[in-house]
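Accompanying notes for the structure given below.
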Amino acid sequence: MDLSPWQLQIVKRSLKKKEKIDLIHKHIPVAPSDVLLDLGCAQGILSYFLRRKGGFWVSTDLDFVNLESSQALLGKNLVQMGEKALPFKSFSFDQVVCLDYLEHIDDDDLTLEEIRRVLKAGGRLVLVTPHSGKFFLLQKIRPLLGLKIELYGHKREGYSLRDLEMKLRKAGLRRVKHKTYSRFFTELLELILNAVYVNMLSKKPPAKLRDGHIRPSTSEEFASQSKAFKLYKFVYPLVWLVSRLDKLLFFQRGNAIIVWAMKDQN
């Protein structure tokens with residue numbers, strides 16, 4: 001019997017989150033003396049792996065429900081914020097990590113301006129968002145499966161690299177590099193799993209969450225889906241095997257994008 005926190009039980013069998021965790025391990029350097037902001041921690045799943053890299057972390061979210069869920073996993077340094085100004089002094093952080101948050105906010109330009117404000121001179125931003133554009137077929141299929149963007153808590157489908165570069169430049173941040181991930185088969189399987197959860201398993205959530213409701217958001221919800229999760233654990237090896245077909249699509253742009261940016265010294 002797996003006695004690990006429910007968030008970690010989910011991530012062990014989440015194709016897309018495992019890709020994000022691999023990116024965290026390989027591509028987000030953290031110095032022991034760094035002070036870092038985890039912007040939009042949701043239920044703390046990715047935050048847990050960020051904190052294991054060292055440094056001093058502060059994790060934030062709009063929803064108190066999310067912070068409650070995160071507390072058992074993260075412990076301390078959790079702050080509820082609003083959509084406007086970040087509740088931190090200027091020049092507070094060496095690095096801001098913003099994973100799957102920007103697409104959930106009405107005023108994304110203001111959020112980027114606030115990120116620049118709280119970064120120290122030369123500070124770094126790691127930004128992850130859905131990758132969108134004309135030729136992203138699965139984004140067009142999603143509504144046909146009953147998965148409107150509102151269920152994801154999204155204000156927009158995502159961003160192209162050009163969109164992000166323009167917004168970063170406008171906010172006074174400079175793109176350093178980028179990478180895409182979650183190619184066709186991974187994204188398709190995640191889409192199917194989300195559709196099954198939303199249309200067949202989940203009950204109407206008691207509160208509207210910033211990050212939507214396409215998976216369990218509390219320990220109680222996870223426990224209520226224990227039978228379905230046991231079945232999924234049984235078929236997961238096959239699901240994972242199908243997702244490996246993405247290796248054949250090395251030429252394809254992924255359905256999610258990670259951008260590294262910097263605040264200039266002056």
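All residue names refer to the structure tokens as shown: chains lettered A, B, ... in order, residues numbered from 1 in each chain, ligands numbered from 1 in order.
Using only C-alpha atoms, the contacts of Arg142 (chain A) at a cut-off of 12 Å, with sequence neighbours closer than 3 positions omitted, comprise Phe136, Leu137, Leu138, Gln139, Leu145, Gly146, Leu147, Lys148, Ile149, Glu150, Leu151, Tyr152, Glu157, Glu187, Leu188, Leu189, Glu190, Leu191, Ile192, Leu193, Asn194 and Ala195 of chain A.
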Shell of 10 Å around Pro5 (chain A), only C-alpha atoms, local chain residues under 6 positions omitted, as a ChimeraX atom specification: /A:45,72-73,219
Members of region 3-246 of chain A assigned strand (DSSP E or B) by DSSP, as number ranges by chain: A: 35-39, 56-61, 78-80, 93-99, 119-131, 159, 173-181
What does the file look like for those residues with N, CA and C atoms, as a CSV table (one decimal), in the first residue's frame?
```csv
chain,number,residue,atom,x,y,z
A,35,VAL,N,17.1,33.1,-2.9
A,35,VAL,CA,15.8,33.3,-2.4
A,35,VAL,C,14.9,33.2,-3.6
A,36,LEU,N,13.9,32.3,-3.5
A,36,LEU,CA,13.1,32.0,-4.7
A,36,LEU,C,11.6,32.0,-4.5
A,37,LEU,N,10.9,32.5,-5.5
A,37,LEU,CA,9.4,32.6,-5.4
A,37,LEU,C,8.8,31.5,-6.4
A,38,ASP,N,7.9,30.7,-5.8
A,38,ASP,CA,7.2,29.7,-6.5
A,38,ASP,C,5.8,30.3,-6.7
A,39,LEU,N,5.5,30.8,-7.9
A,39,LEU,CA,4.3,31.6,-8.2
A,39,LEU,C,3.2,30.7,-8.8
A,56,PHE,N,16.0,29.1,-0.5
A,56,PHE,CA,14.9,29.4,0.4
A,56,PHE,C,13.7,29.8,-0.5
A,57,TRP,N,12.6,29.0,-0.3
A,57,TRP,CA,11.5,29.1,-1.2
A,57,TRP,C,10.3,29.7,-0.5
A,58,VAL,N,9.6,30.5,-1.2
A,58,VAL,CA,8.2,31.0,-0.8
A,58,VAL,C,7.3,30.6,-1.9
A,59,SER,N,6.2,29.9,-1.5
A,59,SER,CA,5.2,29.4,-2.5
A,59,SER,C,3.9,30.2,-2.3
A,60,THR,N,3.3,30.5,-3.4
A,60,THR,CA,2.1,31.4,-3.4
A,60,THR,C,1.0,30.8,-4.2
A,61,ASP,N,-0.3,31.1,-3.9
A,61,ASP,CA,-1.4,30.8,-4.8
A,61,ASP,C,-2.5,31.7,-4.5
A,78,LEU,N,4.2,29.5,2.9
A,78,LEU,CA,3.0,29.6,2.0
A,78,LEU,C,2.3,30.9,2.2
A,79,VAL,N,2.0,31.6,1.1
A,79,VAL,CA,1.4,32.9,1.1
A,79,VAL,C,0.3,33.0,0.1
A,80,GLN,N,-0.9,33.4,0.6
A,80,GLN,CA,-2.0,33.7,-0.3
A,80,GLN,C,-1.8,35.1,-0.9
A,93,PHE,N,13.8,38.7,-4.8
A,93,PHE,CA,14.0,37.3,-5.1
A,93,PHE,C,15.1,37.2,-6.2
A,94,ASP,N,15.9,36.1,-6.1
A,94,ASP,CA,16.9,35.8,-7.1
A,94,ASP,C,16.3,35.1,-8.3
A,95,GLN,N,15.2,34.4,-8.1
A,95,GLN,CA,14.6,33.7,-9.1
A,95,GLN,C,13.1,33.5,-8.9
A,96,VAL,N,12.3,33.7,-9.9
A,96,VAL,CA,10.9,33.4,-9.8
A,96,VAL,C,10.6,32.2,-10.8
A,97,VAL,N,9.9,31.2,-10.3
A,97,VAL,CA,9.5,30.1,-11.1
A,97,VAL,C,8.0,30.1,-11.2
A,98,CYS,N,7.5,30.2,-12.4
A,98,CYS,CA,6.0,30.4,-12.7
A,98,CYS,C,5.6,29.3,-13.6
A,99,LEU,N,5.1,28.2,-13.0
A,99,LEU,CA,4.7,27.0,-13.7
A,99,LEU,C,3.2,26.9,-13.9
A,119,LEU,N,12.0,40.8,-8.7
A,119,LEU,CA,13.3,40.2,-9.0
A,119,LEU,C,14.4,41.1,-8.6
A,120,LYS,N,15.5,40.6,-8.1
A,120,LYS,CA,16.7,41.4,-8.0
A,120,LYS,C,17.3,41.7,-9.4
A,121,ALA,N,18.2,42.7,-9.4
A,121,ALA,CA,18.9,43.0,-10.7
A,121,ALA,C,19.6,41.7,-11.1
A,122,GLY,N,19.5,41.3,-12.4
A,122,GLY,CA,20.1,40.1,-12.8
A,122,GLY,C,19.3,38.8,-12.4
A,123,GLY,N,18.1,39.0,-11.8
A,123,GLY,CA,17.3,37.9,-11.4
A,123,GLY,C,16.8,37.1,-12.6
A,124,ARG,N,16.4,35.9,-12.3
A,124,ARG,CA,15.9,34.9,-13.4
A,124,ARG,C,14.5,34.6,-13.2
A,125,LEU,N,13.8,34.3,-14.4
A,125,LEU,CA,12.4,33.8,-14.4
A,125,LEU,C,12.4,32.6,-15.2
A,126,VAL,N,11.7,31.5,-14.7
A,126,VAL,CA,11.4,30.3,-15.4
A,126,VAL,C,9.9,30.3,-15.6
A,127,LEU,N,9.4,30.3,-16.8
A,127,LEU,CA,8.0,30.4,-17.1
A,127,LEU,C,7.5,29.2,-18.0
A,128,VAL,N,6.5,28.6,-17.5
A,128,VAL,CA,5.9,27.4,-18.2
A,128,VAL,C,4.4,27.8,-18.5
A,129,THR,N,4.1,27.6,-19.8
A,129,THR,CA,2.7,27.8,-20.2
A,129,THR,C,2.3,26.8,-21.3
A,130,PRO,N,1.0,26.6,-21.5
A,130,PRO,CA,0.6,25.8,-22.7
A,130,PRO,C,1.1,26.5,-24.0
A,131,HIS,N,1.5,25.8,-25.0
A,131,HIS,CA,2.0,26.3,-26.2
A,131,HIS,C,0.9,26.3,-27.2
A,159,TYR,N,0.1,30.3,-25.3
A,159,TYR,CA,0.9,31.3,-25.9
A,159,TYR,C,1.9,30.7,-26.9
A,173,LEU,N,11.8,42.3,-19.3
A,173,LEU,CA,12.5,41.0,-19.1
A,173,LEU,C,13.0,40.5,-20.5
A,174,ARG,N,14.1,39.8,-20.5
A,174,ARG,CA,14.8,39.4,-21.7
A,174,ARG,C,14.8,37.8,-21.7
A,175,ARG,N,14.2,37.3,-22.8
A,175,ARG,CA,14.3,35.8,-23.0
A,175,ARG,C,15.7,35.4,-23.3
A,176,VAL,N,16.1,34.3,-22.6
A,176,VAL,CA,17.4,33.7,-22.7
A,176,VAL,C,17.4,32.5,-23.6
A,177,LYS,N,16.4,31.6,-23.4
A,177,LYS,CA,16.3,30.4,-24.2
A,177,LYS,C,14.9,29.8,-23.9
A,178,HIS,N,14.5,28.8,-24.7
A,178,HIS,CA,13.2,28.2,-24.5
A,178,HIS,C,13.3,26.7,-25.0
A,179,LYS,N,12.3,26.0,-24.6
A,179,LYS,CA,12.2,24.6,-24.9
A,179,LYS,C,10.7,24.2,-24.9
A,180,THR,N,10.3,23.3,-25.8
A,180,THR,CA,9.0,22.8,-25.7
A,180,THR,C,9.0,21.3,-25.3
A,181,TYR,N,7.8,20.9,-24.7
A,181,TYR,CA,7.7,19.5,-24.3
A,181,TYR,C,6.2,19.1,-24.4
```
Distance query region 46-53 of chain A at most 7 Å, only C-alpha atoms, self and fewer than 2 positions along chain excluded, as a list in words: Ile21, Ile24, Val30, Asp38, Cys41, Gly44, Gly55, Trp57, Leu73 and Leu74 of chain A
Let's have the selection written as an mmCIF file, in the first residue's frame, with N, CA and C atoms.
```cif
data_model
loop_
_atom_site.group_PDB
_atom_site.id
_atom_site.type_symbol
_atom_site.label_atom_id
_atom_site.label_comp_id
_atom_site.auth_asym_id
_atom_site.auth_seq_id
_atom_site.Cartn_x
_atom_site.Cartn_y
_atom_site.Cartn_z
ATOM 1 N N ILE A 21 8.858 17.559 -14.079
ATOM 2 C CA ILE A 21 9.813 17.273 -13.001
ATOM 3 C C ILE A 21 11.196 17.001 -13.571
ATOM 4 N N ILE A 24 12.621 20.289 -14.305
ATOM 5 C CA ILE A 24 13.044 20.926 -13.057
ATOM 6 C C ILE A 24 14.413 20.408 -12.631
ATOM 7 N N VAL A 30 19.615 26.012 -8.941
ATOM 8 C CA VAL A 30 19.338 26.737 -7.706
ATOM 9 C C VAL A 30 20.606 26.732 -6.855
ATOM 10 N N ASP A 38 7.939 30.711 -5.800
ATOM 11 C CA ASP A 38 7.173 29.704 -6.543
ATOM 12 C C ASP A 38 5.789 30.299 -6.745
ATOM 13 N N CYS A 41 1.439 27.808 -6.791
ATOM 14 C CA CYS A 41 1.896 26.470 -6.386
ATOM 15 C C CYS A 41 0.823 25.397 -6.522
ATOM 16 N N GLY A 44 0.841 21.935 -4.687
ATOM 17 C CA GLY A 44 2.197 21.741 -4.179
ATOM 18 C C GLY A 44 2.991 20.621 -4.821
ATOM 19 N N GLY A 55 17.986 26.159 -1.568
ATOM 20 C CA GLY A 55 17.577 27.547 -1.557
ATOM 21 C C GLY A 55 16.450 27.796 -0.565
ATOM 22 N N TRP A 57 12.644 28.978 -0.338
ATOM 23 C CA TRP A 57 11.475 29.092 -1.196
ATOM 24 C C TRP A 57 10.282 29.716 -0.477
ATOM 25 N N LEU A 73 2.342 18.875 2.399
ATOM 26 C CA LEU A 73 3.466 18.463 1.558
ATOM 27 C C LEU A 73 4.651 19.413 1.682
ATOM 28 N N LEU A 74 4.369 20.722 1.804
ATOM 29 C CA LEU A 74 5.438 21.729 1.772
ATOM 30 C C LEU A 74 5.807 22.268 3.151
#
```
Residue with smallest distance to Ser33 (chain A) - pool A:Asp109, A:Ile214, A:Glu19, A:Gly54, counting only C-alpha atoms: A:Gly54
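From CA of Ser182 (chain A) back to CA of Ser14 (chain A), the distance works out to 11.7 Å.
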Of the listed residues A:Lys233, A:Arg169, A:Gly75, A:Arg117, that which approaches Val11 (chain A) most closely, counting only C-alpha atoms: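 Among A:Lys233, A:Arg169, A:Gly75, A:Arg117, it is A:Lys233 that comes nearest to Val11 (chain A).
Each of A:Leu168, A:Leu62, A:Leu209, A:Leu15 was checked against Leu241 (chain A) using only C-alpha atoms; the smallest atom-to-atom distance is that of A:Leu15.
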Atomic distance CA of Ser70 (chain A) - CA of Leu8 (chain A), expressed in Å with one decimal: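 CA of Leu8 (chain A) lies at a distance of 11.4 Å from CA of Ser70 (chain A).
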Shell of 7 Å around Lys155 (chain A), only C-alpha atoms, local chain residues under 6 positions omitted, as a list of chain:residue names: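 Near Lys155 (chain A), the qualifying residues are A:Glu103, A:His104, A:Ile105, A:Asp106.
Closest to Gly153 (chain A) among A:Asp211, A:Asp264, A:Glu165, A:Asp100 is A:Asp211, based on only C-alpha atoms.
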Among the residues A:Met81, A:Ala261, A:Val242, A:Ala42, the one that comes closest to Val65 (chain A) [using only C-alpha atoms]: A:Ala42
Expected answer as a ChimeraX atom specification: helix (DSSP H, G or I) residues in region 141-193 of chain A: /A:141-145,149-152,161-171,184-193
Go ahead and write the residues just picked, C-alpha atoms, as a PDB file, in the first residue's frame.
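Contents of again.pdb, freshly written:
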```pdb
ATOM      1  CA  ILE A 141     -10.430  18.664 -30.178  1.00  0.00           C
ATOM      2  CA  ARG A 142     -10.539  19.445 -26.461  1.00  0.00           C
ATOM      3  CA  PRO A 143     -13.920  21.291 -26.424  1.00  0.00           C
ATOM      4  CA  LEU A 144     -15.530  18.411 -28.332  1.00  0.00           C
ATOM      5  CA  LEU A 145     -14.720  16.187 -25.333  1.00  0.00           C
ATOM      6  CA  ILE A 149     -10.855  26.127 -21.094  1.00  0.00           C
ATOM      7  CA  GLU A 150     -12.928  27.185 -18.068  1.00  0.00           C
ATOM      8  CA  LEU A 151     -12.548  23.669 -16.626  1.00  0.00           C
ATOM      9  CA  TYR A 152      -8.789  24.173 -16.700  1.00  0.00           C
ATOM     10  CA  LEU A 161       6.917  31.834 -28.381  1.00  0.00           C
ATOM     11  CA  ARG A 162       6.391  35.128 -30.188  1.00  0.00           C
ATOM     12  CA  ASP A 163       3.574  36.076 -27.773  1.00  0.00           C
ATOM     13  CA  LEU A 164       5.771  35.367 -24.767  1.00  0.00           C
ATOM     14  CA  GLU A 165       8.762  37.224 -26.176  1.00  0.00           C
ATOM     15  CA  MET A 166       6.629  40.324 -26.785  1.00  0.00           C
ATOM     16  CA  LYS A 167       5.107  40.195 -23.312  1.00  0.00           C
ATOM     17  CA  LEU A 168       8.449  39.633 -21.617  1.00  0.00           C
ATOM     18  CA  ARG A 169      10.024  42.501 -23.526  1.00  0.00           C
ATOM     19  CA  LYS A 170       7.117  44.778 -22.629  1.00  0.00           C
ATOM     20  CA  ALA A 171       7.607  43.918 -18.938  1.00  0.00           C
ATOM     21  CA  PHE A 184       1.348  14.520 -29.450  1.00  0.00           C
ATOM     22  CA  PHE A 185       0.953  11.165 -27.679  1.00  0.00           C
ATOM     23  CA  THR A 186       1.600  12.503 -24.171  1.00  0.00           C
ATOM     24  CA  GLU A 187      -0.836  15.361 -24.731  1.00  0.00           C
ATOM     25  CA  LEU A 188      -3.459  13.046 -26.267  1.00  0.00           C
ATOM     26  CA  LEU A 189      -3.308  10.605 -23.346  1.00  0.00           C
ATOM     27  CA  GLU A 190      -3.527  13.436 -20.811  1.00  0.00           C
ATOM     28  CA  LEU A 191      -6.522  14.787 -22.718  1.00  0.00           C
ATOM     29  CA  ILE A 192      -8.281  11.410 -22.576  1.00  0.00           C
ATOM     30  CA  LEU A 193      -7.576  11.054 -18.837  1.00  0.00           C
TER      31      LEU A 193
END
```
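Counting from CA of Val198 (chain A), the distance to CA of Arg215 (chain A) is 7.7 Å.
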For Ser226 (chain A), the nearest of the candidates A:Lys76, A:Phe88, A:Leu201, A:Asp107, counting only C-alpha atoms: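 For Ser226 (chain A), the nearest of the given residues is A:Leu201.
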